[in-house]
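*Asks:* One structure follows; several queries about it will come next.
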Amino acid sequence: MLLFAEVVAAASITSAAERLGLRKSTVSRRLAALEERLGIRLLERNTRRLRLTEAGREYHAHCARLVAEAREVNAAVSESRGTPQGTLRIATLSLLGELLTPVIAELLLHQPRLRVEVSLAQTHVDLIAEEYDLALRTGPLADSSLMARRLGRVRTGYYASPSYLSRHGTPRTPEALTAHECILLAESGTDEVWFFGEGRSARTVPVTGRLRVPSERAGQAAARAGLGIVRLAASLVADDVRSGLLVPVLAADTPPGLPIFAVYPSSRQLPLKVRAFLKLLSARGAALPWEEE
């Protein structure tokens, strides 16, 4: 069951074999033996991809939870020795993942028995099914069985280069963005609506643009090059604003920011590795890309 859960989490027999320290042929053979014993096909697989069957999805949901419980038991044993160890798996937004690197580096320097894997996810992941210990998310949060700890507020803004604004003019209202080139981030469907105002004056504006980039850093570089207006975390572009490379636009309409949470599966005993990470986040709050509240 652990092997099957690992294959699904890795979306690859080869990657799962590497994580488990087994040969690929061994993983394939044991997976086939599991399917034979159950009398069902769990995965449809070819040379390019793996896909869970309907029965496989149901079986995997149970496997993932049992594996998570087993790992909690192991974490409790480690807790008794007071040493964080094992692998801490974190899912976060790409910008936060990049800016968290100094905190992760400090954690690893002080915890030599700990490993960290960071997944830069554009959408929410199932922490239990995909075997993550923790995720950083912006709110509001949907109701769930997860525990949440509020860390602060991420303030975003809208920015363009002086060269772009001299060519196209400065938008005076959010609605004027429909006539501008907007630099869109990540996958289609994730950044086509921008937010303005708050409370009763809150509103959304649909935006379009010819350029879509995979990360906030790429969006920042594109805005510097004069390719359009971009929405970014204020902490990311503070130096560019001070130096004049980027100019805030629509500042009066920019919302105050989104709350950011650390979320993790509910359990009676929080693993020591998660507690160590959260403690370090709290200690280094002033240096992180959110404003403390």
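For the structure tokens, the naming scheme is as follows: chains receive sequential letters (A, B, ...) according to their order of presentation, residues are indexed from 1 within each chain, and ligands are indexed from 1 in presentation order.
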Taking 5 positions as the minimum chain separation for residues in the same chain, which residues sit within 12 Å of Val237 of chain A when counting only C-alpha atoms? Answer as a PyMOL selection string.
*Replies:* chain A and resi 95+155-161+216-217+219-221+223-224+230-232+242-248+289
*Asks:* I'd like the contact shell of segment 132-139 of chain A - 10 Å cut-off, only C-alpha atoms, skipping same-chain residues fewer than 5 positions apart - returned as a PyMOL selection string.
*Replies:* chain A and resi 9+68+87-93+96-97+117-119+121+123-127+146-154+257-265+270-271+273-274+277-278
*Asks:* Near Arg203 of chain A, counting only C-alpha atoms, which residues have an atom at most 12 Å away, once you skip same-chain residues fewer than 6 positions from it, shown as a count of residues only?
*Replies:* 11
*Asks:* DSSP on the backbone, then: every residue of segment 46-258 of chain A marked strand (DSSP E), written as an MDAnalysis selection string.
*Replies:* chainID A and resid 50:52 86:92 114:120 134:138 146:154 156:160 182:185 193:196 203:206 212:213 229:233 247:249 258
*Asks:* Please provide the set of residues having any atom within 6 Å of segment 180-186 of chain A, restricted to only C-alpha atoms, with same-chain residues fewer than 3 positions apart removed, written as a list in words.
*Replies:*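 In the requested form, the answer reads Leu177, Asp191, Thr208, Gly209, Leu211, Arg212, Val213, Pro214, Gly228, Ile229 and Val230 of chain A.
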*Asks:* Name the closest residue to Ser266 of chain A among the candidates A:Ser25, A:Ser15, A:Ser145, A:Thr170; distances are taken between atoms, counting only C-alpha atoms.
*Replies:*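 Closest candidate: A:Ser145.
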*Asks:* Looking only at the backbone, which of the residues in segment 35-220 of chain A does DSSP tag as alpha helix (DSSP H), as a VMD selection string?
*Replies:* chain A and resid 35 to 38 54 to 81 94 to 99 101 to 110 162 to 168 216 to 220
*Asks:* In Å to one decimal, how far is atom CA of Thr53 of chain A from atom CA of Ile13 of chain A?
*Replies:*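 Interatomic distance, atom CA of Ile13 of chain A to atom CA of Thr53 of chain A: 15.9 Å.
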